[in-house]
>>> print(open('structure.txt').read())   # compact mmCIF, C-alpha atoms and all ligand atoms
# COMPACT_ATOMS: atom_id res chain seq x y z
CA MET A 1 -93.18 -154.37 -31.70
CA LYS A 2 -96.00 -153.50 -29.29
CA PHE A 3 -99.44 -154.86 -30.09
CA VAL A 4 -102.80 -156.00 -28.74
CA SER A 5 -103.66 -159.66 -28.99
CA ILE A 6 -107.27 -160.75 -29.50
CA ILE A 7 -108.24 -164.37 -28.92
CA LEU A 8 -111.68 -165.72 -29.84
CA GLY A 9 -112.96 -168.93 -28.35
CA SER A 10 -114.74 -169.83 -31.58
CA LYS A 11 -115.31 -168.62 -35.12
CA SER A 12 -118.92 -168.05 -34.03
CA ASP A 13 -117.65 -165.13 -31.90
CA TYR A 14 -116.15 -163.32 -34.90
CA GLU A 15 -119.12 -161.18 -36.00
CA ILE A 16 -119.06 -159.33 -32.66
CA VAL A 17 -115.32 -159.43 -31.98
CA LYS A 18 -114.45 -157.91 -35.35
CA GLU A 19 -115.83 -154.64 -33.87
CA CYS A 20 -112.92 -154.79 -31.42
CA ALA A 21 -110.37 -155.26 -34.20
CA ASN A 22 -112.03 -152.52 -36.28
CA THR A 23 -111.79 -150.09 -33.36
CA LEU A 24 -108.07 -150.78 -32.89
CA GLU A 25 -107.62 -150.41 -36.65
CA LYS A 26 -109.37 -147.03 -36.59
CA PHE A 27 -106.74 -145.74 -34.15
CA GLY A 28 -103.86 -147.39 -36.02
CA VAL A 29 -103.10 -149.79 -33.17
CA LEU A 30 -101.32 -153.00 -34.19
CA HIS A 31 -103.14 -156.16 -33.30
CA GLU A 32 -103.24 -159.88 -33.88
CA MET A 33 -106.40 -161.98 -33.83
CA ILE A 34 -106.62 -165.76 -33.59
CA ILE A 35 -109.16 -168.40 -32.65
CA SER A 36 -108.10 -170.60 -29.76
CA SER A 37 -110.23 -172.21 -27.09
CA ALA A 38 -109.59 -172.77 -23.39
CA HIS A 39 -111.43 -176.09 -23.66
CA ARG A 40 -111.04 -177.31 -27.24
CA SER A 41 -107.40 -176.29 -27.80
CA PRO A 42 -105.75 -175.61 -24.41
CA GLN A 43 -102.21 -176.38 -25.62
CA ARG A 44 -102.60 -174.05 -28.60
CA THR A 45 -103.89 -171.30 -26.29
CA HIS A 46 -100.96 -171.72 -23.90
CA ALA A 47 -98.36 -171.80 -26.67
CA TYR A 48 -99.88 -168.78 -28.43
CA ILE A 49 -99.91 -166.60 -25.30
CA LYS A 50 -96.24 -167.36 -24.65
CA GLU A 51 -95.36 -166.68 -28.29
CA ALA A 52 -97.39 -163.46 -28.41
CA GLU A 53 -95.77 -162.18 -25.20
CA GLU A 54 -92.33 -162.81 -26.66
CA LYS A 55 -93.31 -160.94 -29.83
CA GLY A 56 -94.51 -157.91 -27.83
CA ALA A 57 -98.18 -158.35 -26.92
CA ARG A 58 -98.95 -155.74 -24.24
CA VAL A 59 -102.61 -156.51 -23.59
CA PHE A 60 -104.70 -159.61 -24.24
CA ILE A 61 -108.38 -159.48 -25.15
CA ALA A 62 -110.28 -162.74 -24.87
CA ALA A 63 -113.83 -163.30 -26.13
CA ALA A 64 -115.75 -166.41 -25.19
CA GLY A 65 -119.27 -167.59 -24.56
CA MET A 66 -121.06 -170.21 -22.45
CA ALA A 67 -118.66 -171.61 -19.77
CA ALA A 68 -116.30 -168.79 -20.71
CA HIS A 69 -112.94 -169.70 -19.21
CA LEU A 70 -110.73 -168.34 -21.96
CA ALA A 71 -109.93 -164.97 -20.37
CA GLY A 72 -109.30 -166.59 -17.00
CA ALA A 73 -107.12 -169.29 -18.56
CA ILE A 74 -105.06 -166.59 -20.26
CA ALA A 75 -104.80 -164.62 -17.01
CA ALA A 76 -103.33 -167.77 -15.48
CA ILE A 77 -100.51 -167.75 -18.04
CA THR A 78 -99.51 -164.07 -18.19
CA ILE A 79 -99.24 -161.03 -15.94
CA LYS A 80 -100.07 -158.73 -18.88
CA PRO A 81 -103.53 -157.14 -18.54
CA VAL A 82 -106.33 -159.43 -19.73
CA ILE A 83 -109.67 -158.04 -20.88
CA GLY A 84 -112.60 -160.44 -21.17
CA ILE A 85 -115.55 -160.03 -23.54
CA PRO A 86 -118.46 -162.28 -22.53
CA MET A 87 -120.32 -163.47 -25.62
CA LYS A 88 -124.09 -163.65 -25.84
CA GLY A 89 -125.77 -166.92 -26.76
CA GLY A 90 -126.27 -170.30 -25.15
CA ALA A 91 -129.09 -171.27 -22.81
CA MET A 92 -128.60 -168.17 -20.63
CA ASP A 93 -127.94 -165.74 -23.48
CA GLY A 94 -124.58 -164.64 -22.14
CA MET A 95 -125.24 -164.42 -18.39
CA ASP A 96 -123.26 -167.66 -17.97
CA ALA A 97 -120.36 -166.21 -19.96
CA MET A 98 -120.49 -162.90 -18.09
CA LEU A 99 -120.31 -164.55 -14.68
CA SER A 100 -117.65 -167.03 -15.83
CA THR A 101 -115.54 -164.13 -17.10
CA VAL A 102 -116.02 -161.63 -14.29
CA GLN A 103 -115.93 -163.87 -11.22
CA MET A 104 -112.20 -164.43 -10.99
CA PRO A 105 -110.56 -165.36 -7.69
CA ALA A 106 -108.49 -162.74 -5.85
CA GLY A 107 -105.11 -162.07 -7.40
CA MET A 108 -106.08 -163.24 -10.90
CA PRO A 109 -107.88 -160.29 -12.50
CA VAL A 110 -109.80 -160.22 -15.75
CA ALA A 111 -111.14 -156.78 -16.69
CA THR A 112 -114.59 -157.74 -17.90
CA VAL A 113 -116.49 -155.54 -20.35
CA ALA A 114 -120.13 -155.66 -21.43
CA MET A 115 -121.60 -158.35 -23.64
CA GLY A 116 -122.12 -157.63 -27.32
CA LYS A 117 -120.85 -154.90 -29.61
CA ALA A 118 -120.42 -152.29 -26.85
CA GLY A 119 -118.18 -154.71 -24.96
CA ALA A 120 -116.13 -155.53 -28.04
CA VAL A 121 -115.58 -151.84 -28.75
CA ASN A 122 -114.86 -151.05 -25.08
CA ALA A 123 -112.31 -153.86 -24.91
CA ALA A 124 -110.41 -152.09 -27.67
CA TYR A 125 -110.72 -148.72 -25.93
CA LEU A 126 -109.57 -150.14 -22.59
CA ALA A 127 -106.60 -151.83 -24.25
CA MET A 128 -105.69 -148.55 -25.93
CA GLN A 129 -106.02 -146.61 -22.68
CA ILE A 130 -103.52 -149.05 -21.15
CA LEU A 131 -101.14 -148.61 -24.09
CA ALA A 132 -101.60 -144.83 -23.93
CA LEU A 133 -99.99 -144.77 -20.49
CA GLU A 134 -96.72 -145.05 -22.40
CA ASP A 135 -97.71 -143.71 -25.81
CA ASP A 136 -98.32 -139.97 -26.09
CA ASP A 137 -99.53 -140.09 -29.71
CA LEU A 138 -102.20 -142.60 -28.81
CA LYS A 139 -103.12 -140.59 -25.70
CA ILE A 140 -103.73 -137.52 -27.88
CA LYS A 141 -105.87 -139.57 -30.31
CA LEU A 142 -107.99 -140.86 -27.43
CA GLU A 143 -108.40 -137.37 -26.00
CA GLU A 144 -109.46 -136.06 -29.43
CA ASP A 145 -111.95 -138.92 -29.68
CA ARG A 146 -113.51 -137.87 -26.36
CA ILE A 147 -113.88 -134.29 -27.63
CA LEU A 148 -115.57 -135.53 -30.83
CA LYS A 149 -117.95 -137.68 -28.78
CA ALA A 150 -118.93 -134.74 -26.60
CA LYS A 151 -119.47 -132.55 -29.70
CA LYS A 152 -121.69 -135.24 -31.23
CA VAL A 153 -123.90 -135.24 -28.13
CA GLU A 154 -124.32 -131.48 -28.54
CA SER A 155 -125.05 -131.65 -32.27
CA ASP A 156 -127.49 -134.58 -31.84
CA SER A 157 -129.23 -132.62 -29.12
CA SER A 158 -129.41 -129.43 -31.17
CA ASP A 159 -131.28 -131.41 -33.87
CA ILE A 160 -134.12 -132.23 -31.52
CA GLU A 161 -133.82 -130.25 -28.33
CA VAL A 162 -136.61 -128.22 -26.80
CA ARG A 163 -135.73 -125.82 -23.98
CA LEU A 164 -137.84 -123.30 -22.13
C1 LIG B 1 -117.23 -170.77 -26.50
O1 LIG B 1 -118.40 -171.46 -26.77
C2 LIG B 1 -117.00 -169.91 -27.69
O2 LIG B 1 -116.31 -168.75 -27.32
C3 LIG B 1 -118.37 -169.59 -28.21
O3 LIG B 1 -118.84 -168.32 -27.76
C4 LIG B 1 -119.23 -170.68 -27.60
C5 LIG B 1 -119.86 -171.57 -28.63
O4 LIG B 1 -118.88 -172.03 -29.51
P1 LIG B 1 -119.29 -172.79 -30.84
O5 LIG B 1 -119.96 -174.06 -30.41
O6 LIG B 1 -120.20 -171.88 -31.61
O7 LIG B 1 -118.00 -173.04 -31.57
O8 LIG B 1 -116.16 -171.59 -26.27
>>> encode(input="structure.txt", output="structure tokens", more="lines below")
Ligand code: RP5
Amino acid sequence: MKFVSIILGSKSDYEIVKECANTLEKFGVLHEMIISSAHRSPQRTHAYIKEAEEKGARVFIAAAGMAAHLAGAIAAITIKPVIGIPMKGGAMDGMDAMLSTVQMPAGMPVATVAMGKAGAVNAAYLAMQILALEDDDLKIKLEEDRILKAKKVESDSSDIEVRL
């Protein structure tokens, strides 16, 4: 069983991170989602990553805010790709989380996406693009999605465009 694993640092991250799960769902990609914190439940986080890897997790997506160490802590445990979603909020409205997530030391990568809904959706897309390296059906779905997106730009433009 191949799947994507999503870990939220807190229930308060759910409203945004559900966009990630919904995107995977839309493409029929299996996923798990749990809450586990790098700081509040480090043993649970460690045990879950090991368990998920054994079950077939191919990519991990970690969402956390404030001193956001969750994605980095997961990257320390696994060599599977780890995607970090920095959550808005806190005194610096997400800048702290973004820097905590993106500024990993050499050799310990976390692929960091944008804050907010776009980041949650892009985390799902990036995970799927990784899976699509070995999944032709998913690759075709992603290619079709790109074509639809390009067509939507054209149809949106034709609603309003003015050309000389
Ligand atoms: C982080 O601290 C969580 O990922 C969340 O974004 C932030 C605040 O958590 P709560 O205090 O709302 O549980 O660990």
>>> residues_around(input="structure.txt", residues="Val113 in chain A", least_positions_apart="4", cutoff="9 Å", atoms="only C-alpha atoms", output="list of chain:residue names")
A:Ile83, A:Gly84, A:Ile85, A:Pro86, A:Met98, A:Val102, A:Ala118, A:Gly119, A:Ala120, A:Asn122, A:Ala123
>>> closest_atom_pairs(input="structure.txt", of="range 10-44 of chain A", to="range 136-158 of chain A", cutoff="10 Å", atoms="all atoms listed in the file", output="CSV")
residue,atom,partner,partner_atom,distance
A:Phe27,CA,A:Lys141,CA,7.3
A:Gly28,CA,A:Leu138,CA,8.8
A:Val29,CA,A:Leu138,CA,8.5
>>> closest_residue(input="structure.txt", among="A:Arg58, A:Gly116, A:Ala132, A:Ala76", to="Gly89 in chain A", atoms="all atoms listed in the file")
A:Gly116
>>> atom_distance(input="structure.txt", atom1="CA of Gly72 in chain A", atom2="atom O2 of ligand LIG 1 (chain B)")
12.7 Å
>>> axis_aligned_box(input="structure.txt", around="ligand LIG 1 (chain B)", padding_each_side="3 Å", output="AutoDock Vina command-line options")
--center_x -118.2 --center_y -171.2 --center_z -28.9 --size_x 10.0 --size_y 11.7 --size_z 11.3
>>> residues_near_ligand(input="structure.txt", ligand="ligand LIG 1 (chain B)", cutoff="10 Å", atoms="all atoms listed in the file", output="ChimeraX atom specification")
/A:7-14,35-40,62-70,85-90,94,97
>>> write_last_selection(input="structure.txt", atoms="C-alpha atoms", output="PDB file, in the frame of the given file")
ATOM      1  CA  ILE A   7    -108.240-164.370 -28.920  1.00  0.00           C
ATOM      2  CA  LEU A   8    -111.680-165.720 -29.840  1.00  0.00           C
ATOM      3  CA  GLY A   9    -112.960-168.930 -28.350  1.00  0.00           C
ATOM      4  CA  SER A  10    -114.740-169.830 -31.580  1.00  0.00           C
ATOM      5  CA  LYS A  11    -115.310-168.620 -35.120  1.00  0.00           C
ATOM      6  CA  SER A  12    -118.920-168.050 -34.030  1.00  0.00           C
ATOM      7  CA  ASP A  13    -117.650-165.130 -31.900  1.00  0.00           C
ATOM      8  CA  TYR A  14    -116.150-163.320 -34.900  1.00  0.00           C
ATOM      9  CA  ILE A  35    -109.160-168.400 -32.650  1.00  0.00           C
ATOM     10  CA  SER A  36    -108.100-170.600 -29.760  1.00  0.00           C
ATOM     11  CA  SER A  37    -110.230-172.210 -27.090  1.00  0.00           C
ATOM     12  CA  ALA A  38    -109.590-172.770 -23.390  1.00  0.00           C
ATOM     13  CA  HIS A  39    -111.430-176.090 -23.660  1.00  0.00           C
ATOM     14  CA  ARG A  40    -111.040-177.310 -27.240  1.00  0.00           C
ATOM     15  CA  ALA A  62    -110.280-162.740 -24.870  1.00  0.00           C
ATOM     16  CA  ALA A  63    -113.830-163.300 -26.130  1.00  0.00           C
ATOM     17  CA  ALA A  64    -115.750-166.410 -25.190  1.00  0.00           C
ATOM     18  CA  GLY A  65    -119.270-167.590 -24.560  1.00  0.00           C
ATOM     19  CA  MET A  66    -121.060-170.210 -22.450  1.00  0.00           C
ATOM     20  CA  ALA A  67    -118.660-171.610 -19.770  1.00  0.00           C
ATOM     21  CA  ALA A  68    -116.300-168.790 -20.710  1.00  0.00           C
ATOM     22  CA  HIS A  69    -112.940-169.700 -19.210  1.00  0.00           C
ATOM     23  CA  LEU A  70    -110.730-168.340 -21.960  1.00  0.00           C
ATOM     24  CA  ILE A  85    -115.550-160.030 -23.540  1.00  0.00           C
ATOM     25  CA  PRO A  86    -118.460-162.280 -22.530  1.00  0.00           C
ATOM     26  CA  MET A  87    -120.320-163.470 -25.620  1.00  0.00           C
ATOM     27  CA  LYS A  88    -124.090-163.650 -25.840  1.00  0.00           C
ATOM     28  CA  GLY A  89    -125.770-166.920 -26.760  1.00  0.00           C
ATOM     29  CA  GLY A  90    -126.270-170.300 -25.150  1.00  0.00           C
ATOM     30  CA  GLY A  94    -124.580-164.640 -22.140  1.00  0.00           C
ATOM     31  CA  ALA A  97    -120.360-166.210 -19.960  1.00  0.00           C
TER      32      ALA A  97
END
>>> atom_distance(input="structure.txt", atom1="CA of Ala52 in chain A", atom2="CA of Val4 in chain A")
9.2 Å
>>> atom_distance(input="structure.txt", atom1="CA of Ala57 in chain A", atom2="CA of Lys2 in chain A")
5.8 Å
>>> residues_around(input="structure.txt", residues="Ile77 in chain A", least_positions_apart="3", cutoff="12 Å", atoms="all atoms listed in the file", output="PyMOL selection string")
chain A and resi 38+42-43+45-53+60+70-74+80-82+108-109
>>> decode(input="structure.txt", residues="range 117-144 of chain A", atoms="N, CA, C and O atoms", output="short mmCIF file (atom, residue, chain, number, x, y, z; two decimals), in the first residue's frame")
data_model
loop_
_atom_site.label_atom_id
_atom_site.label_comp_id
_atom_site.auth_asym_id
_atom_site.auth_seq_id
_atom_site.Cartn_x
_atom_site.Cartn_y
_atom_site.Cartn_z
N LYS A 117 -3.61 28.38 2.33
CA LYS A 117 -4.30 27.38 1.50
C LYS A 117 -3.48 26.98 0.27
O LYS A 117 -3.41 25.79 -0.08
N ALA A 118 -2.82 27.96 -0.37
CA ALA A 118 -2.03 27.63 -1.57
C ALA A 118 -0.93 26.63 -1.20
O ALA A 118 -0.65 25.69 -1.96
N GLY A 119 -0.32 26.81 -0.05
CA GLY A 119 0.73 25.89 0.39
C GLY A 119 0.18 24.50 0.68
O GLY A 119 0.79 23.49 0.32
N ALA A 120 -0.99 24.46 1.30
CA ALA A 120 -1.59 23.16 1.62
C ALA A 120 -1.93 22.40 0.33
O ALA A 120 -1.66 21.19 0.21
N VAL A 121 -2.47 23.12 -0.63
CA VAL A 121 -2.80 22.48 -1.92
C VAL A 121 -1.52 22.08 -2.65
O VAL A 121 -1.40 20.96 -3.17
N ASN A 122 -0.52 22.97 -2.64
CA ASN A 122 0.73 22.65 -3.35
C ASN A 122 1.49 21.50 -2.70
O ASN A 122 2.19 20.75 -3.39
N ALA A 123 1.35 21.36 -1.40
CA ALA A 123 1.99 20.20 -0.73
C ALA A 123 1.42 18.91 -1.31
O ALA A 123 2.15 17.96 -1.59
N ALA A 124 0.10 18.90 -1.52
CA ALA A 124 -0.53 17.71 -2.10
C ALA A 124 -0.04 17.49 -3.54
O ALA A 124 0.30 16.37 -3.93
N TYR A 125 0.00 18.58 -4.31
CA TYR A 125 0.47 18.44 -5.70
C TYR A 125 1.91 17.96 -5.75
O TYR A 125 2.27 17.10 -6.56
N LEU A 126 2.76 18.52 -4.91
CA LEU A 126 4.17 18.10 -4.93
C LEU A 126 4.31 16.64 -4.54
O LEU A 126 5.06 15.87 -5.17
N ALA A 127 3.55 16.23 -3.53
CA ALA A 127 3.58 14.81 -3.12
C ALA A 127 3.13 13.93 -4.29
O ALA A 127 3.74 12.88 -4.57
N MET A 128 2.09 14.37 -4.99
CA MET A 128 1.59 13.56 -6.11
C MET A 128 2.60 13.53 -7.26
O MET A 128 2.74 12.50 -7.94
N GLN A 129 3.27 14.64 -7.49
CA GLN A 129 4.29 14.65 -8.56
C GLN A 129 5.43 13.68 -8.22
O GLN A 129 6.00 13.06 -9.11
N ILE A 130 5.74 13.55 -6.95
CA ILE A 130 6.76 12.58 -6.54
C ILE A 130 6.24 11.16 -6.79
O ILE A 130 6.92 10.32 -7.38
N LEU A 131 5.00 10.90 -6.37
CA LEU A 131 4.42 9.57 -6.58
C LEU A 131 4.30 9.25 -8.07
O LEU A 131 4.47 8.09 -8.48
N ALA A 132 4.01 10.29 -8.87
CA ALA A 132 3.80 10.08 -10.31
C ALA A 132 5.06 9.66 -11.04
O ALA A 132 4.99 9.16 -12.17
N LEU A 133 6.21 9.82 -10.41
CA LEU A 133 7.45 9.33 -11.03
C LEU A 133 7.37 7.82 -11.29
O LEU A 133 8.00 7.30 -12.20
N GLU A 134 6.57 7.15 -10.45
CA GLU A 134 6.43 5.69 -10.59
C GLU A 134 4.97 5.27 -10.74
O GLU A 134 4.63 4.13 -10.41
N ASP A 135 4.13 6.18 -11.17
CA ASP A 135 2.70 5.86 -11.28
C ASP A 135 2.15 6.57 -12.52
O ASP A 135 1.84 7.76 -12.49
N ASP A 136 2.03 5.80 -13.61
CA ASP A 136 1.63 6.41 -14.88
C ASP A 136 0.21 6.94 -14.85
O ASP A 136 -0.09 7.96 -15.48
N ASP A 137 -0.70 6.25 -14.14
CA ASP A 137 -2.09 6.73 -14.09
C ASP A 137 -2.15 8.10 -13.43
O ASP A 137 -2.85 9.01 -13.90
N LEU A 138 -1.41 8.24 -12.35
CA LEU A 138 -1.40 9.53 -11.64
C LEU A 138 -0.74 10.60 -12.50
O LEU A 138 -1.20 11.75 -12.54
N LYS A 139 0.32 10.22 -13.21
CA LYS A 139 1.00 11.16 -14.10
C LYS A 139 0.02 11.72 -15.14
O LYS A 139 -0.03 12.93 -15.38
N ILE A 140 -0.79 10.83 -15.71
CA ILE A 140 -1.77 11.27 -16.73
C ILE A 140 -2.79 12.22 -16.09
O ILE A 140 -3.14 13.26 -16.66
N LYS A 141 -3.25 11.88 -14.87
CA LYS A 141 -4.22 12.76 -14.20
C LYS A 141 -3.64 14.15 -13.96
O LYS A 141 -4.32 15.16 -14.13
N LEU A 142 -2.36 14.19 -13.57
CA LEU A 142 -1.73 15.49 -13.31
C LEU A 142 -1.54 16.27 -14.61
O LEU A 142 -1.70 17.50 -14.62
N GLU A 143 -1.22 15.56 -15.67
CA GLU A 143 -1.08 16.24 -16.97
C GLU A 143 -2.43 16.80 -17.44
O GLU A 143 -2.50 17.93 -17.93
N GLU A 144 -3.49 16.00 -17.24
CA GLU A 144 -4.83 16.48 -17.63
C GLU A 144 -5.22 17.71 -16.81
O GLU A 144 -5.84 18.65 -17.31
#
